[in-house]
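S.K.: This is the structure I want to talk about, given as structure tokens.
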Amino acid sequence: MLSTQQLAALNAASCEVAFDNLTRQLYATDASPYQIVPQAVAFPKSPAQAASIIRAAAHAGIAVTPRGAGTGLSGGAVGDGLVIDFARHNRQIFAFDKERRTVSVGPGLVLDQLNAFLKPHGFRFGPDVATGSRATLGGMIANDSSGSHTPVYGTTGMHVNELQIVLADGSVVNVGPGHDTLQRQRNLVEDLMALNALQITERFPPGLLKRWPGYGLARALENPGNLLPILTGSEGTLAAIVAAELKIVPLPLERGVGLIFFASVSAAMSAADALLELQPAAIEHIDRPLFDQTRSQREFQAARDLLELDQKPCESILIVEFFENAKERLALLKKKRIGRRKLILQTQAEADLVWSVRKAGLSLLTGCKGSAKPACFIEDAAVRPQDLPAYVSGLQKLMSRAGVTASYYGHAAAGLLHVRPVLDLQRAEDLKKFRRIADEVAALVAQFKGSLAGEHGVGIARTEFLKAQVGEEIYRVMKEIKHSFDPGNVFNPGKIISDGRYKIDTHLRWGAGYELKLPFAPQLAFAAKDGSFAGNLEQCNGCGGCLKQTPTMCPTYLATGEEIMSTRGRANAIRAALEWRGSGADPLRAPELETALGNCLSCKACTNECPSNVNLALLKAELLHARIRRDGLKLRERVLSSVDLLGRLGCVTPRATNFFLESALLRQGFRKFFGFTPERPLPPFARTRFDRWFAKHLPVQEAGRGKVILWDVHALSRTGNRHRRRRRARSRRV
């Protein structure tokens, strides 16, 4: 817990800070399997506010964890000190220069929002992560993210012109080739690069298209005097990014996609290597465990029909995309004698259907039924593309020895597959396999001189392996760089540069013997997929698909931008309450649960748009039923469920009723007792009831335009009440 002095220091900063249990629990997880409850969460709106809160935290001895959308898979966005959320605000586009092909953005701007702005001008941002509907630019820079089209665009760090950062002392600094700043750090990095050039070249040989783990020494060696390669990919361990000037690229003039279907993953990997001579913009791989998860999913049915997965089953598919001379290259692709069959897509709409399956890969896989899930911990190791067939063969032998199955999907053209072994992290036996597989994969990647964190960062999951991956000398260089930027170890301590607090199998969200024990007997079957309340709740993997800026899922998040208003936020709040991590002694009456359920519209958009099919409407119904069955209805709920009675009473004296409804005093009373905002107008009562008005008017002559039905709600209500009274009377007689 924070001390009185630490609380005072954070409160004195000119920045919104939350200390309540609900907010802290919401930011205890991201899309990784890790869970660490922070002491506080800050929401800066400007670089000045970010500098103020970081300075206060450093002076108070509180660790700082910068955070974007919380879509990271290695635990880089969770920490036990102060989490700073740059995603709620800071979504500005400051400047756009078409001639220079640059755009300046805030760190909270979402990739898809930037591309939507650039598209009418004929541009886009190059790297295209699968989570582009919610991934922030600040997070992408901090992680040196890439995506499917790495052969064309490389990684995010290659597209950064300039950064504005906040250091641990609160100073705001602009960094880039045009700025003579951080002279001490620049001199140190130049000296370290010169002294260790041979070691760096040996450890990071050319040919890898994805990022290397840790600080970008290989790129820094090629760009003397430029600190951007060090900062891009530093995962919030050196500074916080508060603004960036980015390079943009023209939209492709042509796009063409061909699909090749295979009988095995091995055959697909060998073919991917052979297809590189056609210089594709992307070669993406999806396998049967992934696309089998699209069965019975309305959102993906059109894609299944296009691929003919039910009529012509296969084990593996390569998605091959070309930008330049697409038609000619697709013709060459069609002539190649590889795979079981091929499908050349005819329109961009068809291509978008296929890409939607690929982009939803993570959520589709983790949405499988049961507690055994494709686990996230070795999913972004990368090798050179030509080494991929041998690397995958090694992985398959490794999985066979461990007695587990795995999914292999992702960026075949860049030598990176997202490998996910199916493990139950609630069982001690599988946790041992988790550790064993991690150790063996680290050794296998080192054998190919690849990257253990080619895309998703070092974070918690890979920090313990970094020294062995890069060697003692290179690790010492990284430690010196960390100390020069952050001598007090304020930023994301224990990650990249280990201090012993993090291992790949510590701070897990679940653990051996974990079981969500419910304080009620569930009534609903959740038969559509999961078979249980707990099963559906735990489908939420934290990927943040509910944060996307679409008209439906999740409408309350779109209106507020607050984490609790998203499906992910509500699922995490429900889980926290039921795990007795709430601020109350009764989970069903926990204020965290009340907040999560009270603002859910039960619109059911999540049932269709969440690839894992988290059904918040059903979860809410089950929880409310359990609470009402035990405790009965509250006054507000009784009033709202008695609208027929209130309507009849209001119709007796409509003028007086309307006078009171417009009273400011009454509105304040409604706010206090029932939670109705005073700004919300209440519908007035008609001076004459419709049934009485109708009785006084003779029927008009039929106009010949068909029948018109008028619903007299009051009369229907009276009729319904009469029927109910008769049924009760008959029941008593029986």
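We label chains A, B, ... in the order they appear in the structure tokens, count residues from 1 in each chain, and number ligands from 1 in the order shown.
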Show which residues sit within 9 Å of segment 209-223 of chain A, as an MDAnalysis selection string. Count only C-alpha atoms, and ignore same-chain residues fewer than 2 positions away.
M.R.: chainID A and resid 144:146 150:151 154:155 189:190 193:194 197 200:201 203:207 225:235 382:385 414:416 450:455 457:458 462:463 466 469:470 474:475 478 481 496:497
S.K.: May I have all residues of segment 167-374 of chain A that DSSP, computed from the backbone, assigns to helix (DSSP H, G or I), given as a PyMOL selection string?
M.R.: chain A and resi 183-195+197-203+217-222+228-231+265-278+288-294+298-307+326-335+348-359+361-366
S.K.: Figure out the distance between atom CA of Arg627 of chain A and atom CA of Ala585 of chain A, please, to one decimal in Å.
M.R.: 14.2 Å
S.K.: Atom CA of Thr71 of chain A to atom CA of Gly561 of chain A: how many Å, to one decimal?
M.R.: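 A separation of 15.5 Å between them.
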S.K.: Can you tell me which residues surround segment 648-661 of chain A at a distance of at most 8 Å, considering only C-alpha atoms, apart from same-chain residues fewer than 6 positions away, and format the answer as a PyMOL selection string?
M.R.: chain A and resi 667+682+684-687+689+714
S.K.: Generate a file of the selected residues that holds C-alpha atoms, formatted as a CSV table (one decimal), in the first residue's frame.
M.R.:
chain,number,residue,atom,x,y,z
A,667,ARG,CA,-36.0,15.8,-9.9
A,682,LEU,CA,-39.8,12.8,-17.9
A,684,PRO,CA,-45.8,14.2,-19.4
A,685,PHE,CA,-49.2,12.6,-18.9
A,686,ALA,CA,-51.9,13.4,-21.4
A,687,ARG,CA,-54.8,15.5,-20.0
A,689,ARG,CA,-56.8,9.3,-21.4
A,714,HIS,CA,-53.9,1.4,-20.5
S.K.: For Ser356 of chain A, please output as number ranges by chain all residues within 12 Å (counting only C-alpha atoms; exclusion window: fewer than 3 positions along the same chain).
M.R.: A: 130-133, 286, 291, 294, 299-304, 319, 349-353, 359-364, 609, 611
S.K.: Let me make sure I understand: among A:Cys554, A:Ala438, A:Cys15, A:Ile564, which one has the smallest atom-to-atom distance to Lys503 of chain A if we use only C-alpha atoms?
M.R.: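 Among the listed residues, the smallest separation from Lys503 of chain A belongs to A:Ala438.
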S.K.: Can you tell me how far atom CA of Arg636 of chain A sits from atom CA of Phe674 of chain A, in Å to one decimal?
M.R.: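 Taking atom CA of Arg636 of chain A and atom CA of Phe674 of chain A, their separation equals 5.0 Å.
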S.K.: Would you list the contacts of Thr366 of chain A as a ChimeraX atom specification, taking every protein, DNA or RNA residue within 12 Å and counting only C-alpha atoms, but skipping same-chain residues closer than 6 positions in sequence?
M.R.: /A:31-33,289-290,293-294,360,372-376,406-407,420-424,535-536,538-543,610-614
S.K.: Using only C-alpha atoms, which of A:Phe465, A:Tyr409, A:Trp510, A:Tyr557 sits nearest Arg427 of chain A?
M.R.: A:Trp510
S.K.: Can you tell me, as a ChimeraX atom specification, what residues are no more than 12 Å from Thr560 of chain A when counting only C-alpha atoms, ignoring any on the same chain fewer than 5 positions away?
M.R.: /A:88-89,547,549,554-555,565-566,599
S.K.: Of the residues A:Asp310, A:Val441, A:Trp355, A:Asn489, which is the one nearest to Val64 of chain A, using only C-alpha atoms?
M.R.: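 Looking at the shortest contact to Val64 of chain A, the residue is A:Asn489.
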